[in-house]
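Worksheet for the structure shown next.
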Amino acid sequence: MTVLAESADARLGPGRPALFGTLGDAHTRLLAGPPAVEGAETLGDHLRRLGPLRLPDSPADVLELAQGGGILGRGGGEFPLARKLATAAAAGGSPLVVVNGSEGEPASRKDRVLLGFRPHLVLDGAEVAARAVGAADVVLYVHAGERTVEAALDRACRERLRSGCPLRLRMIAAPPAYVSGESSAVVSVLEGR
(Lines give C-alpha, C1' and ligand atoms only; values in the text may rest on other atoms or scores of the structure.)
Protein backbone atom coordinates (compact mmCIF):
# COMPACT_ATOMS: atom_id res chain seq x y z
CA MET A 1 0.00 0.00 0.00
CA THR A 2 1.54 3.31 -1.04
CA VAL A 3 0.01 6.63 -0.06
CA LEU A 4 1.36 9.99 -1.12
CA ALA A 5 0.21 12.82 1.13
CA GLU A 6 1.06 16.39 1.99
CA SER A 7 3.69 16.62 4.68
CA ALA A 8 2.14 16.46 8.14
CA ASP A 9 4.99 18.66 9.39
CA ALA A 10 4.08 21.40 6.89
CA ARG A 11 0.51 21.50 8.22
CA LEU A 12 1.54 21.95 11.85
CA GLY A 13 2.15 25.65 11.42
CA PRO A 14 5.00 27.92 12.45
CA GLY A 15 6.84 27.06 15.64
CA ARG A 16 5.21 23.61 15.93
CA PRO A 17 7.47 20.63 16.57
CA ALA A 18 7.84 18.24 13.67
CA LEU A 19 7.14 14.57 14.34
CA PHE A 20 9.58 13.32 11.70
CA GLY A 21 12.96 14.45 10.46
CA THR A 22 13.45 16.33 7.19
CA LEU A 23 13.04 14.16 4.12
CA GLY A 24 13.97 16.31 1.15
CA ASP A 25 10.83 17.70 -0.50
CA ALA A 26 9.00 19.44 2.36
CA HIS A 27 5.66 19.30 0.58
CA THR A 28 5.25 15.60 -0.03
CA ARG A 29 6.10 12.42 1.80
CA LEU A 30 5.70 8.76 1.09
CA LEU A 31 3.77 7.64 4.18
CA ALA A 32 3.02 3.95 3.86
CA GLY A 33 6.18 2.90 2.13
CA PRO A 34 8.52 2.77 -0.79
CA PRO A 35 8.18 0.25 -3.59
CA ALA A 36 7.88 -3.34 -2.42
CA VAL A 37 10.68 -4.66 -0.25
CA GLU A 38 11.57 -8.22 0.59
CA GLY A 39 10.12 -8.95 4.03
CA ALA A 40 9.57 -6.43 6.80
CA GLU A 41 11.23 -3.05 6.67
CA THR A 42 14.13 -2.75 9.11
CA LEU A 43 14.46 0.09 11.58
CA GLY A 44 17.42 1.44 9.59
CA ASP A 45 15.39 1.51 6.36
CA HIS A 46 12.45 3.06 8.18
CA LEU A 47 14.65 5.82 9.61
CA ARG A 48 16.24 6.51 6.20
CA ARG A 49 12.76 6.77 4.65
CA LEU A 50 10.98 8.86 7.30
CA GLY A 51 13.69 10.08 9.64
CA PRO A 52 13.55 9.71 13.41
CA LEU A 53 10.35 10.24 15.35
CA ARG A 54 10.63 13.53 17.24
CA LEU A 55 7.97 13.81 19.89
CA PRO A 56 7.00 16.98 21.72
CA ASP A 57 8.22 17.14 25.31
CA SER A 58 4.82 17.05 26.97
CA PRO A 59 1.76 14.83 26.59
CA ALA A 60 -0.34 18.00 26.32
CA ASP A 61 1.62 19.03 23.22
CA VAL A 62 1.01 15.61 21.64
CA LEU A 63 -2.71 15.90 22.42
CA GLU A 64 -2.73 19.36 20.83
CA LEU A 65 -1.11 17.96 17.68
CA ALA A 66 -3.68 15.16 17.57
CA GLN A 67 -6.48 17.71 17.94
CA GLY A 68 -5.09 19.82 15.13
CA GLY A 69 -4.66 16.80 12.87
CA GLY A 70 -8.35 15.90 12.90
CA ILE A 71 -7.59 12.17 12.69
CA LEU A 72 -10.68 9.96 12.92
CA GLY A 73 -10.90 6.29 13.81
CA ARG A 74 -11.47 3.86 10.96
CA GLY A 75 -13.63 1.37 12.85
CA GLY A 76 -16.88 2.69 11.39
CA GLY A 77 -17.73 5.26 14.06
CA GLU A 78 -15.09 7.77 12.95
CA PHE A 79 -14.38 8.64 16.60
CA PRO A 80 -11.81 11.47 16.89
CA LEU A 81 -8.37 10.20 17.92
CA ALA A 82 -7.69 13.34 19.96
CA ARG A 83 -10.77 12.74 22.11
CA LYS A 84 -9.85 9.09 22.65
CA LEU A 85 -6.29 10.04 23.70
CA ALA A 86 -7.49 12.85 25.97
CA THR A 87 -9.98 10.52 27.67
CA ALA A 88 -7.28 7.91 28.26
CA ALA A 89 -4.82 10.54 29.54
CA ALA A 90 -7.38 11.88 32.03
CA ALA A 91 -8.42 8.45 33.31
CA GLY A 92 -5.50 8.09 35.70
CA GLY A 93 -4.00 4.79 36.74
CA SER A 94 -1.37 3.05 34.64
CA PRO A 95 -2.21 3.64 30.99
CA LEU A 96 -1.56 0.94 28.43
CA VAL A 97 -1.45 1.36 24.65
CA VAL A 98 -2.86 -1.58 22.71
CA VAL A 99 -2.05 -1.97 19.02
CA ASN A 100 -5.00 -4.04 17.87
CA GLY A 101 -3.71 -5.93 14.85
CA SER A 102 -6.23 -8.75 15.05
CA GLU A 103 -8.66 -7.78 12.36
CA GLY A 104 -11.30 -10.42 11.99
CA GLU A 105 -12.91 -9.38 8.73
CA PRO A 106 -12.54 -12.45 6.50
CA ALA A 107 -11.68 -10.50 3.34
CA SER A 108 -9.39 -7.94 4.96
CA ARG A 109 -5.63 -8.24 5.19
CA LYS A 110 -4.73 -4.61 5.94
CA ASP A 111 -3.48 -5.22 9.49
CA ARG A 112 -1.38 -8.20 8.43
CA VAL A 113 0.16 -6.32 5.52
CA LEU A 114 0.99 -3.21 7.54
CA LEU A 115 2.33 -5.12 10.56
CA GLY A 116 4.18 -7.65 8.43
CA PHE A 117 5.89 -5.17 6.09
CA ARG A 118 5.94 -1.79 7.88
CA PRO A 119 6.05 -2.64 11.61
CA HIS A 120 8.06 0.46 12.53
CA LEU A 121 5.37 2.71 11.09
CA VAL A 122 2.94 1.09 13.54
CA LEU A 123 5.43 1.31 16.41
CA ASP A 124 5.92 5.03 15.69
CA GLY A 125 2.16 5.48 16.10
CA ALA A 126 2.19 3.47 19.32
CA GLU A 127 5.00 5.66 20.66
CA VAL A 128 3.03 8.82 19.83
CA ALA A 129 -0.06 7.41 21.59
CA ALA A 130 2.03 6.32 24.59
CA ARG A 131 3.49 9.83 24.97
CA ALA A 132 0.00 11.35 24.71
CA VAL A 133 -1.46 9.22 27.52
CA GLY A 134 1.67 8.80 29.66
CA ALA A 135 2.00 5.06 29.03
CA ALA A 136 5.19 3.06 29.47
CA ASP A 137 3.72 -0.18 28.11
CA VAL A 138 2.59 -1.12 24.60
CA VAL A 139 0.86 -4.40 23.80
CA LEU A 140 0.87 -5.65 20.23
CA TYR A 141 -2.28 -7.77 19.97
CA VAL A 142 -2.17 -10.05 16.90
CA HIS A 143 -3.81 -13.28 15.79
CA ALA A 144 -1.97 -16.39 16.93
CA GLY A 145 -0.33 -18.25 14.08
CA GLU A 146 0.31 -15.22 11.87
CA ARG A 147 3.97 -16.18 11.51
CA THR A 148 4.93 -13.37 9.14
CA VAL A 149 3.41 -10.74 11.42
CA GLU A 150 4.82 -12.30 14.59
CA ALA A 151 8.33 -12.51 13.10
CA ALA A 152 8.21 -8.94 11.76
CA LEU A 153 6.99 -7.53 15.07
CA ASP A 154 9.44 -9.58 17.11
CA ARG A 155 12.35 -8.29 15.04
CA ALA A 156 11.00 -4.72 15.06
CA CYS A 157 10.57 -4.74 18.84
CA ARG A 158 14.11 -6.06 19.32
CA GLU A 159 15.46 -3.35 17.01
CA ARG A 160 13.54 -0.67 18.90
CA LEU A 161 14.72 -1.87 22.28
CA ARG A 162 18.36 -2.00 21.10
CA SER A 163 18.02 1.56 19.81
CA GLY A 164 16.91 2.84 23.24
CA CYS A 165 13.12 2.80 22.93
CA PRO A 166 11.78 3.84 26.35
CA LEU A 167 8.67 1.65 26.11
CA ARG A 168 8.05 -1.89 27.31
CA LEU A 169 6.85 -3.71 24.20
CA ARG A 170 5.16 -7.11 24.30
CA MET A 171 3.16 -9.20 21.91
CA ILE A 172 -0.01 -11.05 22.92
CA ALA A 173 -1.70 -13.64 20.74
CA ALA A 174 -5.39 -13.13 20.05
CA PRO A 175 -7.61 -16.18 19.71
CA PRO A 176 -8.09 -17.06 16.03
CA ALA A 177 -11.77 -16.10 16.10
CA TYR A 178 -13.71 -13.56 14.07
CA VAL A 179 -14.62 -11.32 17.04
CA SER A 180 -11.28 -11.48 18.85
CA GLY A 181 -10.35 -8.00 17.59
CA GLU A 182 -13.52 -6.34 18.93
CA SER A 183 -12.62 -4.02 21.81
CA SER A 184 -14.42 -5.91 24.59
CA ALA A 185 -12.84 -9.17 23.36
CA VAL A 186 -9.39 -7.53 23.43
CA VAL A 187 -9.93 -6.37 27.02
CA SER A 188 -11.10 -9.86 28.02
CA VAL A 189 -7.97 -11.48 26.60
CA LEU A 190 -5.70 -8.88 28.22
CA GLU A 191 -7.40 -9.51 31.57
CA GLY A 192 -6.91 -13.27 31.20
CA ARG A 193 -10.55 -14.13 30.56
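We label chains A, B, ... in the order they appear in the C-alpha coordinates, count residues from 1 in each chain, and number ligands from 1 in the order shown.
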Shell of 8 Å around segment 64-67 of chain A, only C-alpha atoms, local chain residues under 4 positions omitted, as a ChimeraX atom specification: /A:12,60,71,81-83
Residues within 8 Å of Val133 of chain A, only C-alpha atoms, excluding chain neighbours under 5 positions, as a ChimeraX atom specification: /A:59,85-86,88-90,95
Nearest residue to Ala174 of chain A from the set A:Asp154, A:Glu103, A:Asp124, A:Glu78 (distances using only C-alpha atoms):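 Among the listed residues, the smallest separation from Ala174 of chain A belongs to A:Glu103.
Rounded to one decimal, atom CA of Leu169 of chain A and atom CA of Val138 of chain A lie 5.0 Å from each other.
Counting only C-alpha atoms and comparing A:Gly77, A:Pro176, A:Pro52, A:Gly68, the residue that lies closest to Glu127 of chain A is A:Pro52.
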Ile172 of chain A environment, 9 Å, only C-alpha atoms, sequence neighbours closer than 6 positions dropped, as a count of residues only: 8
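Atom pair atom CA of Cys157 of chain A / atom CA of Val113 of chain A has a distance of 17.0 Å (rounded to one decimal).
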Residues of segment 77-156 of chain A in alpha helix (DSSP H), written as a PyMOL selection string: chain A and resi 81-90+110-117+119-133+147-156
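Between atom CA of Ala129 of chain A and atom CA of Ser102 of chain A the interatomic distance comes to 18.5 Å.
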Could you build a table of the residues in segment 98-171 of chain A lying no more than 12 Å from segment 44-49 of chain A, giving for each the nearest pair of atoms and their separation in Å rounded to one decimal place, using only C-alpha atoms, ordered by chain and ascending residue number, as CSV?
```
residue,atom,partner,partner_atom,distance
A:Phe117,CA,A:His46,CA,10.7
A:Arg118,CA,A:His46,CA,8.1
A:Pro119,CA,A:His46,CA,9.2
A:His120,CA,A:His46,CA,6.7
A:Leu121,CA,A:His46,CA,7.7
A:Val122,CA,A:His46,CA,11.1
A:Leu123,CA,A:His46,CA,11.0
A:Asp124,CA,A:His46,CA,10.1
A:Ala156,CA,A:Gly44,CA,10.4
A:Glu159,CA,A:Gly44,CA,9.0
A:Arg160,CA,A:Gly44,CA,10.3
A:Ser163,CA,A:Gly44,CA,10.2
```
Output of the above residues as an mmCIF file, in the first residue's frame, restricted to N, CA and C atoms:
```cif
data_model
loop_
_atom_site.group_PDB
_atom_site.id
_atom_site.type_symbol
_atom_site.label_atom_id
_atom_site.label_comp_id
_atom_site.auth_asym_id
_atom_site.auth_seq_id
_atom_site.Cartn_x
_atom_site.Cartn_y
_atom_site.Cartn_z
ATOM 1 N N PHE A 117 4.935 -5.825 6.982
ATOM 2 C CA PHE A 117 5.892 -5.175 6.093
ATOM 3 C C PHE A 117 6.373 -3.817 6.587
ATOM 4 N N ARG A 118 5.576 -3.119 7.374
ATOM 5 C CA ARG A 118 5.942 -1.787 7.882
ATOM 6 C C ARG A 118 5.730 -1.700 9.403
ATOM 7 N N PRO A 119 6.312 -2.629 10.165
ATOM 8 C CA PRO A 119 6.051 -2.641 11.609
ATOM 9 C C PRO A 119 6.510 -1.371 12.321
ATOM 10 N N HIS A 120 7.564 -0.738 11.846
ATOM 11 C CA HIS A 120 8.063 0.462 12.530
ATOM 12 C C HIS A 120 7.131 1.657 12.343
ATOM 13 N N LEU A 121 6.375 1.669 11.270
ATOM 14 C CA LEU A 121 5.371 2.711 11.087
ATOM 15 C C LEU A 121 4.318 2.592 12.184
ATOM 16 N N VAL A 122 3.916 1.353 12.487
ATOM 17 C CA VAL A 122 2.936 1.093 13.542
ATOM 18 C C VAL A 122 3.535 1.413 14.912
ATOM 19 N N LEU A 123 4.791 1.032 15.127
ATOM 20 C CA LEU A 123 5.429 1.310 16.412
ATOM 21 C C LEU A 123 5.640 2.807 16.626
ATOM 22 N N ASP A 124 5.870 3.567 15.559
ATOM 23 C CA ASP A 124 5.920 5.029 15.690
ATOM 24 C C ASP A 124 4.576 5.547 16.221
ATOM 25 N N ALA A 156 11.153 -6.168 14.906
ATOM 26 C CA ALA A 156 11.001 -4.723 15.057
ATOM 27 C C ALA A 156 11.107 -4.302 16.523
ATOM 28 N N GLU A 159 14.730 -4.487 17.562
ATOM 29 C CA GLU A 159 15.464 -3.348 17.008
ATOM 30 C C GLU A 159 15.177 -2.080 17.799
ATOM 31 N N ARG A 160 13.926 -1.867 18.130
ATOM 32 C CA ARG A 160 13.543 -0.672 18.899
ATOM 33 C C ARG A 160 14.203 -0.665 20.269
ATOM 34 N N SER A 163 17.759 0.162 20.169
ATOM 35 C CA SER A 163 18.018 1.563 19.810
ATOM 36 C C SER A 163 17.651 2.530 20.945
#
```
